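Undergrad: So here's coords_8.pdb, just PDB, C-alpha atoms:
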ATOM      1  CA  MET A   4      59.565  44.594 -46.895
ATOM      2  CA  LEU A   5      61.865  42.178 -45.088
ATOM      3  CA  HIS A   6      63.686  39.600 -47.171
ATOM      4  CA  THR A   7      65.128  36.451 -45.642
ATOM      5  CA  VAL A   8      67.811  34.349 -47.309
ATOM      6  CA  ASN A   9      68.654  30.926 -45.899
ATOM      7  CA  LYS A  10      70.965  29.376 -48.505
ATOM      8  CA  SER A  11      74.686  29.793 -49.045
ATOM      9  CA  PRO A  12      75.399  32.244 -51.886
ATOM     10  CA  PHE A  13      78.143  29.890 -53.079
ATOM     11  CA  ASP A  14      75.675  27.045 -53.499
ATOM     12  CA  ARG A  15      72.517  28.794 -54.720
ATOM     13  CA  HIS A  16      71.671  32.066 -56.395
ATOM     14  CA  SER A  17      68.999  33.124 -53.922
ATOM     15  CA  LEU A  18      71.061  35.883 -52.289
ATOM     16  CA  GLU A  19      72.022  37.366 -55.643
ATOM     17  CA  ARG A  20      68.396  37.211 -56.818
ATOM     18  CA  CYS A  21      67.333  38.862 -53.586
ATOM     19  CA  LEU A  22      69.942  41.618 -53.907
ATOM     20  CA  ARG A  23      68.788  42.328 -57.453
ATOM     21  CA  THR A  24      65.119  42.299 -56.635
ATOM     22  CA  CYS A  25      64.823  44.075 -53.310
ATOM     23  CA  ALA A  26      63.816  47.740 -53.246
ATOM     24  CA  SER A  27      65.415  50.707 -51.569
ATOM     25  CA  GLY A  28      64.398  50.870 -47.927
ATOM     26  CA  ASN A  29      63.902  47.114 -47.643
ATOM     27  CA  ALA A  30      65.867  44.963 -45.217
ATOM     28  CA  ILE A  31      67.545  41.602 -45.706
ATOM     29  CA  LEU A  32      68.004  39.089 -42.911
ATOM     30  CA  LEU A  33      70.553  36.338 -43.484
ATOM     31  CA  ILE A  34      69.690  33.108 -41.654
ATOM     32  CA  GLU A  35      70.915  29.486 -41.604
ATOM     33  CA  ASP A  36      73.467  28.954 -44.405
ATOM     34  CA  GLY A  37      72.450  32.353 -45.750
ATOM     35  CA  VAL A  38      74.806  33.928 -43.182
ATOM     36  CA  TYR A  39      77.756  32.906 -45.361
ATOM     37  CA  GLY A  40      76.633  35.744 -47.635
ATOM     38  CA  GLY A  41      77.891  38.182 -45.009
ATOM     39  CA  ILE A  42      81.545  37.161 -44.902
ATOM     40  CA  LYS A  43      84.392  39.465 -45.797
ATOM     41  CA  GLY A  44      86.724  38.726 -48.667
ATOM     42  CA  SER A  45      84.377  36.451 -50.591
ATOM     43  CA  ILE A  46      83.515  36.829 -54.253
ATOM     44  CA  ILE A  47      80.071  38.094 -53.324
ATOM     45  CA  GLU A  48      81.286  40.797 -50.927
ATOM     46  CA  ASP A  49      81.132  43.642 -53.469
ATOM     47  CA  LYS A  50      77.558  42.872 -54.438
ATOM     48  CA  VAL A  51      76.485  42.820 -50.804
ATOM     49  CA  LYS A  52      78.354  46.064 -50.072
ATOM     50  CA  ASP A  53      76.713  47.682 -53.031
ATOM     51  CA  ALA A  54      73.264  46.674 -51.832
ATOM     52  CA  MET A  55      73.990  48.059 -48.362
ATOM     53  CA  LYS A  56      73.859  51.592 -49.779
ATOM     54  CA  ASP A  57      70.082  51.517 -49.648
ATOM     55  CA  VAL A  58      69.137  48.240 -47.959
ATOM     56  CA  LYS A  59      69.820  47.287 -44.340
ATOM     57  CA  ILE A  60      71.349  43.875 -43.903
ATOM     58  CA  TYR A  61      71.082  41.762 -40.777
ATOM     59  CA  ALA A  62      72.383  38.318 -39.880
ATOM     60  CA  LEU A  63      71.080  35.928 -37.239
ATOM     61  CA  GLU A  64      73.722  35.700 -34.542
ATOM     62  CA  ALA A  65      73.078  32.057 -33.561
ATOM     63  CA  ASP A  66      73.684  30.980 -37.160
ATOM     64  CA  VAL A  67      76.750  33.207 -37.499
ATOM     65  CA  ASN A  68      78.333  31.904 -34.296
ATOM     66  CA  SER A  69      77.622  28.259 -34.967
ATOM     67  CA  ARG A  70      79.447  28.533 -38.286
ATOM     68  CA  GLY A  71      82.463  30.196 -36.693
ATOM     69  CA  ILE A  72      82.276  33.313 -38.846
ATOM     70  CA  LYS A  73      81.572  36.030 -36.289
ATOM     71  CA  ASN A  74      84.943  37.641 -36.923
ATOM     72  CA  HIS A  75      84.467  37.430 -40.680
ATOM     73  CA  ILE A  76      81.172  39.307 -40.951
ATOM     74  CA  MET A  77      81.353  42.471 -43.060
ATOM     75  CA  ASP A  78      81.184  45.843 -41.367
ATOM     76  CA  GLY A  79      77.698  47.282 -41.638
ATOM     77  CA  ILE A  80      75.890  43.987 -41.224
ATOM     78  CA  GLN A  81      74.055  44.002 -37.952
ATOM     79  CA  LEU A  82      73.761  40.822 -35.895
ATOM     80  CA  VAL A  83      70.384  40.089 -34.334
ATOM     81  CA  ASP A  84      69.248  37.422 -31.882
ATOM     82  CA  TYR A  85      65.982  35.490 -32.128
ATOM     83  CA  SER A  86      63.928  38.251 -30.555
ATOM     84  CA  GLY A  87      65.564  40.708 -32.957
ATOM     85  CA  PHE A  88      64.379  38.404 -35.745
ATOM     86  CA  VAL A  89      60.818  38.676 -34.420
ATOM     87  CA  ASP A  90      61.128  42.456 -34.122
ATOM     88  CA  LEU A  91      62.194  42.698 -37.765
ATOM     89  CA  THR A  92      59.212  40.680 -38.945
ATOM     90  CA  THR A  93      56.879  43.048 -37.133
ATOM     91  CA  GLU A  94      58.753  46.190 -38.170
ATOM     92  CA  TYR A  95      58.230  45.479 -41.875
ATOM     93  CA  ASP A  96      54.813  45.038 -43.464
ATOM     94  CA  LYS A  97      55.614  41.709 -45.109
ATOM     95  CA  VAL A  98      58.256  39.045 -45.503
ATOM     96  CA  GLN A  99      59.701  37.648 -48.709
ATOM     97  CA  SER A 100      61.562  34.370 -48.050
ATOM     98  CA  TRP A 101      64.094  33.472 -50.719
ATOM     99  CA  LEU A 102      64.029  29.732 -50.126
TER     100      LEU A 102
ATOM    101  CA  MET B   6      86.940  -5.958 -37.800
ATOM    102  CA  GLU B   7      89.984  -7.314 -39.621
ATOM    103  CA  GLU B   8      89.318  -7.423 -43.320
ATOM    104  CA  THR B   9      89.809 -10.543 -45.335
ATOM    105  CA  ALA B  10      92.745 -10.762 -47.689
ATOM    106  CA  GLY B  11      91.178  -8.060 -49.904
ATOM    107  CA  GLU B  12      93.475  -5.448 -51.318
ATOM    108  CA  ILE B  13      93.535  -1.943 -49.934
ATOM    109  CA  LYS B  14      91.334   0.479 -51.825
ATOM    110  CA  LYS B  15      91.776   4.192 -52.325
ATOM    111  CA  ILE B  16      88.677   5.721 -50.823
ATOM    112  CA  MET B  17      88.012   9.397 -51.386
ATOM    113  CA  TYR B  18      85.403  11.200 -49.315
ATOM    114  CA  VAL B  19      84.170  14.291 -51.115
ATOM    115  CA  ASN B  20      82.715  16.845 -48.695
ATOM    116  CA  ARG B  21      80.857  19.665 -50.379
ATOM    117  CA  LYS B  22      78.249  20.867 -47.874
ATOM    118  CA  ALA B  23      78.304  23.485 -45.142
ATOM    119  CA  PRO B  24      78.145  22.022 -41.636
ATOM    120  CA  TYR B  25      74.749  22.852 -40.094
ATOM    121  CA  GLY B  26      72.309  23.627 -42.918
ATOM    122  CA  THR B  27      72.069  19.929 -43.772
ATOM    123  CA  ILE B  28      73.041  16.657 -42.090
ATOM    124  CA  TYR B  29      75.594  15.676 -44.761
ATOM    125  CA  ALA B  30      78.719  16.969 -42.994
ATOM    126  CA  LEU B  31      78.016  15.162 -39.736
ATOM    127  CA  GLU B  32      77.026  11.987 -41.573
ATOM    128  CA  ALA B  33      80.245  12.057 -43.575
ATOM    129  CA  LEU B  34      82.318  12.463 -40.444
ATOM    130  CA  GLU B  35      80.630   9.487 -38.788
ATOM    131  CA  VAL B  36      81.071   7.335 -41.869
ATOM    132  CA  VAL B  37      84.772   8.234 -42.023
ATOM    133  CA  LEU B  38      85.277   7.382 -38.340
ATOM    134  CA  ILE B  39      83.416   4.094 -38.624
ATOM    135  CA  GLY B  40      85.060   3.268 -41.954
ATOM    136  CA  ALA B  41      88.507   3.858 -40.441
ATOM    137  CA  ALA B  42      88.247   0.408 -38.859
ATOM    138  CA  PHE B  43      88.545  -1.158 -42.315
ATOM    139  CA  GLU B  44      92.077   0.186 -42.700
ATOM    140  CA  GLN B  45      91.747   1.390 -46.255
ATOM    141  CA  ASP B  46      93.690   4.152 -47.977
ATOM    142  CA  VAL B  47      91.393   7.022 -47.028
ATOM    143  CA  MET B  48      91.490  10.629 -48.119
ATOM    144  CA  MET B  49      89.094  13.468 -47.462
ATOM    145  CA  ILE B  50      88.671  16.434 -49.738
ATOM    146  CA  PHE B  51      86.778  19.506 -48.599
ATOM    147  CA  MET B  52      85.565  21.628 -51.473
ATOM    148  CA  ASP B  53      82.781  24.106 -52.293
ATOM    149  CA  ASP B  54      80.837  24.889 -49.098
ATOM    150  CA  GLY B  55      82.431  21.811 -47.508
ATOM    151  CA  VAL B  56      85.452  23.923 -46.587
ATOM    152  CA  PHE B  57      83.217  25.669 -44.027
ATOM    153  CA  GLN B  58      83.084  22.403 -42.045
ATOM    154  CA  LEU B  59      86.651  23.032 -40.924
ATOM    155  CA  LYS B  60      86.145  26.669 -39.930
ATOM    156  CA  LYS B  61      87.586  27.535 -36.540
ATOM    157  CA  GLU B  62      85.579  29.187 -33.748
ATOM    158  CA  GLN B  63      82.293  27.361 -34.283
ATOM    159  CA  ASP B  64      79.994  27.986 -31.338
ATOM    160  CA  THR B  65      76.598  26.311 -31.543
ATOM    161  CA  LYS B  66      75.293  27.111 -28.043
ATOM    162  CA  ALA B  67      72.622  29.537 -29.221
ATOM    163  CA  LEU B  68      71.628  27.240 -32.068
ATOM    164  CA  GLY B  69      71.109  24.299 -29.705
ATOM    165  CA  VAL B  70      72.834  21.680 -31.860
ATOM    166  CA  LYS B  71      76.051  19.791 -31.231
ATOM    167  CA  ASN B  72      79.256  21.469 -32.372
ATOM    168  CA  PHE B  73      81.024  18.572 -34.079
ATOM    169  CA  SER B  74      83.977  20.583 -35.376
ATOM    170  CA  PRO B  75      86.326  19.398 -32.548
ATOM    171  CA  THR B  76      85.865  15.854 -33.851
ATOM    172  CA  TYR B  77      87.848  16.687 -36.997
ATOM    173  CA  ARG B  78      90.863  16.946 -34.676
ATOM    174  CA  ALA B  79      90.419  13.268 -33.790
ATOM    175  CA  LEU B  80      90.768  12.112 -37.414
ATOM    176  CA  GLU B  81      94.514  11.796 -37.073
ATOM    177  CA  MET B  82      94.072   9.253 -34.264
ATOM    178  CA  TYR B  83      91.844   7.260 -36.581
ATOM    179  CA  ASP B  84      94.757   7.240 -39.046
ATOM    180  CA  VAL B  85      92.938   9.549 -41.446
ATOM    181  CA  GLU B  86      95.840  11.752 -42.391
ATOM    182  CA  LYS B  87      95.215  12.720 -45.997
ATOM    183  CA  ILE B  88      93.024  15.754 -45.592
ATOM    184  CA  TYR B  89      92.777  18.234 -48.432
ATOM    185  CA  VAL B  90      90.967  21.470 -49.201
ATOM    186  CA  GLU B  91      90.447  22.825 -52.674
ATOM    187  CA  LYS B  92      92.308  26.081 -53.251
ATOM    188  CA  GLU B  93      89.660  27.699 -55.434
ATOM    189  CA  SER B  94      86.870  26.945 -52.942
ATOM    190  CA  MET B  95      88.876  28.638 -50.193
ATOM    191  CA  GLU B  96      89.552  31.717 -52.314
ATOM    192  CA  VAL B  97      85.937  32.180 -53.371
ATOM    193  CA  ARG B  98      84.986  32.257 -49.684
ATOM    194  CA  GLY B  99      87.792  34.495 -48.497
ATOM    195  CA  LEU B 100      89.291  31.724 -46.334
ATOM    196  CA  THR B 101      92.903  30.764 -45.678
ATOM    197  CA  VAL B 102      94.330  27.674 -43.972
ATOM    198  CA  ASP B 103      94.750  29.778 -40.817
ATOM    199  CA  ASP B 104      90.967  29.848 -40.571
ATOM    200  CA  LEU B 105      90.776  26.058 -40.302
ATOM    201  CA  ILE B 106      90.634  23.893 -37.189
ATOM    202  CA  ILE B 107      93.120  21.253 -38.438
ATOM    203  CA  PRO B 108      96.200  21.313 -40.656
ATOM    204  CA  VAL B 109      95.298  20.486 -44.245
ATOM    205  CA  GLU B 110      96.990  20.291 -47.570
ATOM    206  CA  VAL B 111      95.748  22.728 -50.206
ATOM    207  CA  LYS B 112      95.109  21.253 -53.655
ATOM    208  CA  SER B 113      94.205  23.055 -56.852
ATOM    209  CA  ASN B 114      91.102  22.116 -58.768
ATOM    210  CA  GLU B 115      93.340  20.442 -61.317
ATOM    211  CA  GLU B 116      94.908  18.261 -58.623
ATOM    212  CA  VAL B 117      91.449  17.385 -57.283
ATOM    213  CA  THR B 118      90.468  16.215 -60.738
ATOM    214  CA  LYS B 119      93.518  13.981 -60.784
ATOM    215  CA  MET B 120      92.875  12.592 -57.299
ATOM    216  CA  MET B 121      89.277  11.776 -58.218
ATOM    217  CA  GLY B 122      90.549   9.959 -61.268
ATOM    218  CA  GLU B 123      92.968   7.918 -59.193
ATOM    219  CA  ALA B 124      90.538   6.963 -56.419
ATOM    220  CA  ASP B 125      88.960   3.497 -56.465
ATOM    221  CA  VAL B 126      85.848   4.638 -54.639
ATOM    222  CA  LEU B 127      84.262   8.076 -54.356
ATOM    223  CA  LEU B 128      81.895   8.720 -51.467
ATOM    224  CA  ASN B 129      79.951  11.959 -51.753
ATOM    225  CA  PHE B 130      78.476  14.042 -48.982
TER     226      PHE B 130
ATOM    227  CA  MET C  15      62.019   5.753 -20.945
ATOM    228  CA  ALA C  16      64.239   3.568 -18.817
ATOM    229  CA  SER C  17      65.792   4.889 -15.649
ATOM    230  CA  ILE C  18      68.026   3.891 -12.757
ATOM    231  CA  GLU C  19      67.787   4.936  -9.119
ATOM    232  CA  VAL C  20      70.828   6.668  -7.677
ATOM    233  CA  GLY C  21      70.784   8.286  -4.237
ATOM    234  CA  GLY C  22      66.993   8.478  -4.277
ATOM    235  CA  LYS C  23      66.953  10.191  -7.667
ATOM    236  CA  SER C  24      65.710   8.725 -10.909
ATOM    237  CA  ILE C  25      68.223   9.053 -13.747
ATOM    238  CA  GLU C  26      67.164   8.609 -17.363
ATOM    239  CA  VAL C  27      69.037   6.046 -19.435
ATOM    240  CA  ASP C  28      68.432   4.572 -22.885
ATOM    241  CA  GLU C  29      67.415   0.973 -23.546
ATOM    242  CA  GLU C  30      71.046  -0.151 -23.340
ATOM    243  CA  GLY C  31      71.698   1.678 -20.090
ATOM    244  CA  TYR C  32      73.598   4.674 -21.479
ATOM    245  CA  LEU C  33      72.903   8.012 -19.829
ATOM    246  CA  GLU C  34      70.349  10.138 -21.687
ATOM    247  CA  ASN C  35      71.720  13.493 -20.529
ATOM    248  CA  ARG C  36      75.469  13.677 -20.281
ATOM    249  CA  ALA C  37      75.213  16.600 -17.851
ATOM    250  CA  ASP C  38      73.485  14.318 -15.303
ATOM    251  CA  TRP C  39      76.662  12.330 -14.720
ATOM    252  CA  THR C  40      78.208  11.945 -11.280
ATOM    253  CA  MET C  41      80.681   9.360 -10.013
ATOM    254  CA  GLU C  42      77.845   7.791  -8.007
ATOM    255  CA  ILE C  43      75.891   7.236 -11.199
ATOM    256  CA  GLY C  44      78.916   5.579 -12.790
ATOM    257  CA  GLU C  45      79.248   3.317  -9.760
ATOM    258  CA  ALA C  46      75.555   2.466  -9.793
ATOM    259  CA  MET C  47      75.742   1.550 -13.492
ATOM    260  CA  ALA C  48      78.747  -0.663 -12.790
ATOM    261  CA  LYS C  49      76.932  -2.373  -9.938
ATOM    262  CA  ILE C  50      74.126  -3.363 -12.325
ATOM    263  CA  ASP C  51      76.812  -5.223 -14.313
ATOM    264  CA  ASP C  52      78.278  -6.753 -11.078
ATOM    265  CA  CYS C  53      81.355  -4.599 -11.447
ATOM    266  CA  GLU C  54      83.068  -2.774  -8.573
ATOM    267  CA  LEU C  55      84.930   0.295  -9.814
ATOM    268  CA  SER C  56      88.595   0.422  -8.777
ATOM    269  CA  SER C  57      91.011   3.301  -9.228
ATOM    270  CA  ASN C  58      92.162   1.600 -12.432
ATOM    271  CA  HIS C  59      88.605   1.691 -13.767
ATOM    272  CA  MET C  60      88.340   5.305 -12.723
ATOM    273  CA  GLU C  61      91.503   6.183 -14.565
ATOM    274  CA  VAL C  62      90.014   4.936 -17.828
ATOM    275  CA  ILE C  63      86.634   6.541 -17.140
ATOM    276  CA  ASN C  64      88.245   9.893 -16.468
ATOM    277  CA  PHE C  65      90.384   9.526 -19.542
ATOM    278  CA  LEU C  66      87.270   8.942 -21.640
ATOM    279  CA  ARG C  67      85.490  11.932 -20.179
ATOM    280  CA  GLU C  68      88.456  14.159 -21.014
ATOM    281  CA  TYR C  69      88.659  12.672 -24.487
ATOM    282  CA  TYR C  70      84.989  13.370 -25.082
ATOM    283  CA  GLU C  71      85.337  16.909 -23.780
ATOM    284  CA  GLU C  72      88.106  17.565 -26.254
ATOM    285  CA  TYR C  73      86.879  15.753 -29.374
ATOM    286  CA  GLN C  74      83.120  15.446 -28.807
ATOM    287  CA  ILE C  75      83.174  11.729 -29.549
ATOM    288  CA  ALA C  76      83.712   8.526 -27.646
ATOM    289  CA  PRO C  77      86.672   6.819 -29.296
ATOM    290  CA  ALA C  78      86.584   3.442 -30.983
ATOM    291  CA  VAL C  79      88.331   0.739 -28.930
ATOM    292  CA  ARG C  80      91.370   0.694 -31.222
ATOM    293  CA  VAL C  81      91.810   4.444 -30.826
ATOM    294  CA  LEU C  82      91.171   4.283 -27.085
ATOM    295  CA  THR C  83      93.836   1.613 -26.602
ATOM    296  CA  LYS C  84      96.388   3.635 -28.526
ATOM    297  CA  ALA C  85      95.539   6.888 -26.737
ATOM    298  CA  ILE C  86      95.662   5.234 -23.289
ATOM    299  CA  GLY C  87      99.067   3.796 -24.151
ATOM    300  CA  LYS C  88     100.289   7.237 -25.046
ATOM    301  CA  LYS C  89      99.018   8.803 -21.843
ATOM    302  CA  LEU C  90      99.302   6.038 -19.235
ATOM    303  CA  GLY C  91     102.011   3.818 -20.676
ATOM    304  CA  PRO C  92     102.133   0.552 -22.661
ATOM    305  CA  ASP C  93     101.269  -1.657 -19.654
ATOM    306  CA  LYS C  94      97.819  -0.018 -19.693
ATOM    307  CA  GLY C  95      97.509   0.767 -23.384
ATOM    308  CA  ASN C  96      96.787  -2.799 -24.471
ATOM    309  CA  SER C  97      93.637  -4.823 -25.073
ATOM    310  CA  LYS C  98      94.396  -7.418 -22.412
ATOM    311  CA  TYR C  99      94.569  -4.857 -19.605
ATOM    312  CA  LEU C 100      91.523  -2.954 -20.825
ATOM    313  CA  TYR C 101      89.402  -6.073 -21.409
ATOM    314  CA  GLU C 102      90.241  -7.332 -17.930
ATOM    315  CA  LEU C 103      88.936  -4.080 -16.503
ATOM    316  CA  PHE C 104      85.946  -3.904 -18.826
ATOM    317  CA  PRO C 105      85.062  -7.409 -20.010
ATOM    318  CA  TYR C 106      82.009  -6.213 -21.987
ATOM    319  CA  GLY C 107      84.347  -4.219 -24.237
ATOM    320  CA  PRO C 108      86.476  -1.373 -22.924
ATOM    321  CA  ALA C 109      85.079   1.395 -25.099
ATOM    322  CA  LYS C 110      81.457   0.325 -24.787
ATOM    323  CA  GLN C 111      81.386  -0.468 -21.102
ATOM    324  CA  ALA C 112      83.677   2.293 -19.864
ATOM    325  CA  CYS C 113      81.792   4.859 -21.927
ATOM    326  CA  LYS C 114      78.579   3.799 -20.266
ATOM    327  CA  TYR C 115      79.975   4.287 -16.758
ATOM    328  CA  ALA C 116      81.501   7.587 -17.902
ATOM    329  CA  GLY C 117      78.056   8.828 -18.899
ATOM    330  CA  LEU C 118      79.022   9.074 -22.560
ATOM    331  CA  PRO C 119      77.138   7.818 -25.598
ATOM    332  CA  LYS C 120      78.097   4.496 -27.160
ATOM    333  CA  PRO C 121      81.267   4.954 -29.220
ATOM    334  CA  THR C 122      80.785   5.867 -32.863
ATOM    335  CA  GLY C 123      81.098   2.673 -34.862
ATOM    336  CA  CYS C 124      80.079   0.282 -32.084
ATOM    337  CA  VAL C 125      77.077  -1.902 -32.793
TER     338      VAL C 125
END
Transcribe the structure of this file into structure tokens.
TA:
Amino acid sequence: MLHTVNKSPFDRHSLERCLRTCASGNAILLIEDGVYGGIKGSIIEDKVKDAMKDVKIYALEADVNSRGIKNHIMDGIQLVDYSGFVDLTTEYDKVQSWL
Amino acid sequence: MEETAGEIKKIMYVNRKAPYGTIYALEALEVVLIGAAFEQDVMMIFMDDGVFQLKKEQDTKALGVKNFSPTYRALEMYDVEKIYVEKESMEVRGLTVDDLIIPVEVKSNEEVTKMMGEADVLLNF
Amino acid sequence: MASIEVGGKSIEVDEEGYLENRADWTMEIGEAMAKIDDCELSSNHMEVINFLREYYEEYQIAPAVRVLTKAIGKKLGPDKGNSKYLYELFPYGPAKQACKYAGLPKPTGCV
């Protein structure tokens, strides 16, 4: 399953709920303000790192760049472009959007 | 747009939203620039996700929207010089003042509370 | 959609004559816009237009007239950084009119 998160983890709990709920082998794609969940040195970093042990985490590059946080993204989070986004949605059997 | 004899008010703009997920940040910036003509005692506080508005290195080409972060650098020319960020909001997000596009003064949450108390008008975005 | 003809090409403008696509701008378009207002662009006009284009490039806004006047004064000297000089060049309002010829949007805060 592919999870998408589009809200800032500092404003909403959707990323934390997603991290708690997703299963091993799932993937999470951070989009829109959700990309703030991928920054280094934040209070949520440890939770995200922990999840990365058995969940792959991606972030949409256009959203990362527009927010000026490319150099702040945690190691291990892979940036994807729009076609990478499409690939992910086809690679996994279904999509859970944490709106 | 010279104001009538009215006294100068302390206007505090409270910016709490990230820049591109919603329209609030851009709207606030436009209101501040337009409002500057009224020559009031203006201050801007960036707190919560609002601190992300001032993040350096924003590049919106792939997103296809306007990058309005350079406009914050024009605030000084509009005589908007009291620009603050909340310390705790920066820390939660792993940001330091070096990450920001303009020089700002860092205020603790306690100081923000005080400033809000002292302002005549609070405008929230 | 309104448009103006410049050098055989049709250029899109809004209902007030401001360029729709900033990337379309050429000096000829600026001159054509000025001609519509019965204004012949001199090197003094050009100086202000170029200043505005640089300002926009740097700050992504067209400055309010008060800010423009101050900034021009800083860059080109006090004899040019004053309302009298700028209004003589651009009688419809220096920020508004010069921005139009410079292919920029109407300044933020202008009605």
Undergrad: Near range 25-32 of chain B, within 6 Å and counting only C-alpha atoms, which residues show up once chain neighbours fewer than 2 positions away are dropped, as JSON, numbers by chain?
TA: {"A": [36], "B": [34, 35, 130]}
Undergrad: Show me, as a PyMOL selection string, the residues that have an atom within 10 Å of Asn114 in chain B when counting only C-alpha atoms, minus same-chain residues fewer than 5 positions from it.
TA: chain B and resi 52+90-94+119-120
Undergrad: Taking C-alpha atoms for each residue, export the selection above as a short mmCIF file (atom, residue, chain, number, x, y, z; two decimals), in the coordinates of the input.
TA:
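Output file part-v5.cif follows:
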data_model
loop_
_atom_site.label_atom_id
_atom_site.label_comp_id
_atom_site.auth_asym_id
_atom_site.auth_seq_id
_atom_site.Cartn_x
_atom_site.Cartn_y
_atom_site.Cartn_z
CA MET B 52 85.56 21.63 -51.47
CA VAL B 90 90.97 21.47 -49.20
CA GLU B 91 90.45 22.82 -52.67
CA LYS B 92 92.31 26.08 -53.25
CA GLU B 93 89.66 27.70 -55.43
CA SER B 94 86.87 26.94 -52.94
CA LYS B 119 93.52 13.98 -60.78
CA MET B 120 92.88 12.59 -57.30
#
Undergrad: Per residue of range 22-104 of chain B within 12 Å of range 121-129 of chain B, note the shortest atom pair and the distance in Å to one decimal, counting only C-alpha atoms, and order the rows by chain and increasing residue number, as a tab-separated table.
TA:
residue	atom	partner	partner_atom	distance
B:Lys22	CA	B:Asn129	CA	9.9
B:Tyr29	CA	B:Asn129	CA	9.0
B:Ala30	CA	B:Asn129	CA	10.2
B:Glu32	CA	B:Asn129	CA	10.6
B:Ala33	CA	B:Asn129	CA	8.2
B:Leu34	CA	B:Asn129	CA	11.6
B:Val36	CA	B:Leu128	CA	9.7
B:Val37	CA	B:Leu128	CA	9.9
B:Gly40	CA	B:Leu128	CA	11.4
B:Gln45	CA	B:Val126	CA	10.8
B:Asp46	CA	B:Ala124	CA	9.4
B:Val47	CA	B:Ala124	CA	9.4
B:Met48	CA	B:Ala124	CA	9.1
B:Met49	CA	B:Leu128	CA	9.5
B:Ile50	CA	B:Met121	CA	9.7
B:Phe51	CA	B:Asn129	CA	10.7
B:Met52	CA	B:Asn129	CA	11.2
B:Gly55	CA	B:Asn129	CA	11.0
Undergrad: For CA of Ile16 in chain B and CA of Glu81 in chain B, determine how far apart the two atoms are, in Å to one decimal place.
TA: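 Taking CA of Ile16 in chain B and CA of Glu81 in chain B, their separation equals 16.1 Å.
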Undergrad: With chain B as the partner and 8 Å as the cut-off, tabulate the residues of chain A that qualify, each row holding the nearest pair of atoms and their distance in Å to one decimal, using all atoms listed in the file, sorted by chain and rising number, as a tab-separated table.
TA:
residue	atom	partner	partner_atom	distance
A:Ser11	CA	B:Asp54	CA	7.9
A:Phe13	CA	B:Asp54	CA	6.9
A:Asp14	CA	B:Asp54	CA	7.1
A:Glu35	CA	B:Gly26	CA	6.2
A:Asp36	CA	B:Gly26	CA	5.7
A:Ile42	CA	B:Arg98	CA	7.7
A:Lys43	CA	B:Gly99	CA	6.6
A:Gly44	CA	B:Gly99	CA	4.4
A:Ser45	CA	B:Arg98	CA	4.3
A:Ile46	CA	B:Val97	CA	5.3
A:Ala65	CA	B:Ala67	CA	5.0
A:Asp66	CA	B:Leu68	CA	6.6
A:Asn68	CA	B:Asp64	CA	5.2
A:Ser69	CA	B:Thr65	CA	4.1
A:Arg70	CA	B:Gln63	CA	5.0
A:Gly71	CA	B:Gln63	CA	3.7
A:Ile72	CA	B:Glu62	CA	7.3
Undergrad: Can you build me a table of chain C residues sitting at most 7 Å from chain B, with the closest atom pair per residue and its distance in Å to one decimal, using only C-alpha atoms, sorted by chain and residue number, as CSV?
TA:
residue,atom,partner,partner_atom,distance
C:Glu72,CA,B:Pro75,CA,6.8
C:Tyr73,CA,B:Thr76,CA,4.6
C:Gln74,CA,B:Thr76,CA,5.8
C:Ile75,CA,B:Thr76,CA,6.5
C:Val81,CA,B:Met82,CA,6.3
C:Thr122,CA,B:Ile39,CA,6.6
C:Gly123,CA,B:Ile39,CA,4.6
Undergrad: Do you know which residues the PyMOL selection byres ((chain C and resi 38) around 12) returns on this file, as a list in words?
TA: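 Given this file, the PyMOL selection byres ((chain C and resi 38) around 12) evaluates to Val20, Lys23, Ser24, Ile25, Glu26, Val27, Tyr32, Leu33, Glu34, Asn35, Arg36, Ala37, Trp39, Thr40, Met41, Glu42, Ile43, Gly44, Ala116, Gly117 and Leu118 of chain C.
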Undergrad: Generate a file of the selected residues that holds C-alpha atoms, formatted as a PDB file, in the frame of the given file.
TA:
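Printed below is result_19.pdb as written:
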ATOM      1  CA  VAL C  20      70.828   6.668  -7.677  1.00  0.00           C
ATOM      2  CA  LYS C  23      66.953  10.191  -7.667  1.00  0.00           C
ATOM      3  CA  SER C  24      65.710   8.725 -10.909  1.00  0.00           C
ATOM      4  CA  ILE C  25      68.223   9.053 -13.747  1.00  0.00           C
ATOM      5  CA  GLU C  26      67.164   8.609 -17.363  1.00  0.00           C
ATOM      6  CA  VAL C  27      69.037   6.046 -19.435  1.00  0.00           C
ATOM      7  CA  TYR C  32      73.598   4.674 -21.479  1.00  0.00           C
ATOM      8  CA  LEU C  33      72.903   8.012 -19.829  1.00  0.00           C
ATOM      9  CA  GLU C  34      70.349  10.138 -21.687  1.00  0.00           C
ATOM     10  CA  ASN C  35      71.720  13.493 -20.529  1.00  0.00           C
ATOM     11  CA  ARG C  36      75.469  13.677 -20.281  1.00  0.00           C
ATOM     12  CA  ALA C  37      75.213  16.600 -17.851  1.00  0.00           C
ATOM     13  CA  TRP C  39      76.662  12.330 -14.720  1.00  0.00           C
ATOM     14  CA  THR C  40      78.208  11.945 -11.280  1.00  0.00           C
ATOM     15  CA  MET C  41      80.681   9.360 -10.013  1.00  0.00           C
ATOM     16  CA  GLU C  42      77.845   7.791  -8.007  1.00  0.00           C
ATOM     17  CA  ILE C  43      75.891   7.236 -11.199  1.00  0.00           C
ATOM     18  CA  GLY C  44      78.916   5.579 -12.790  1.00  0.00           C
ATOM     19  CA  ALA C 116      81.501   7.587 -17.902  1.00  0.00           C
ATOM     20  CA  GLY C 117      78.056   8.828 -18.899  1.00  0.00           C
ATOM     21  CA  LEU C 118      79.022   9.074 -22.560  1.00  0.00           C
TER      22      LEU C 118
END
Undergrad: From the set C:Asn58, C:Leu66, C:Glu29, C:Ala16, which residue has the shortest atom-to-atom contact distance to Tyr115 in chain C, counting all atoms listed in the file?
TA: C:Leu66
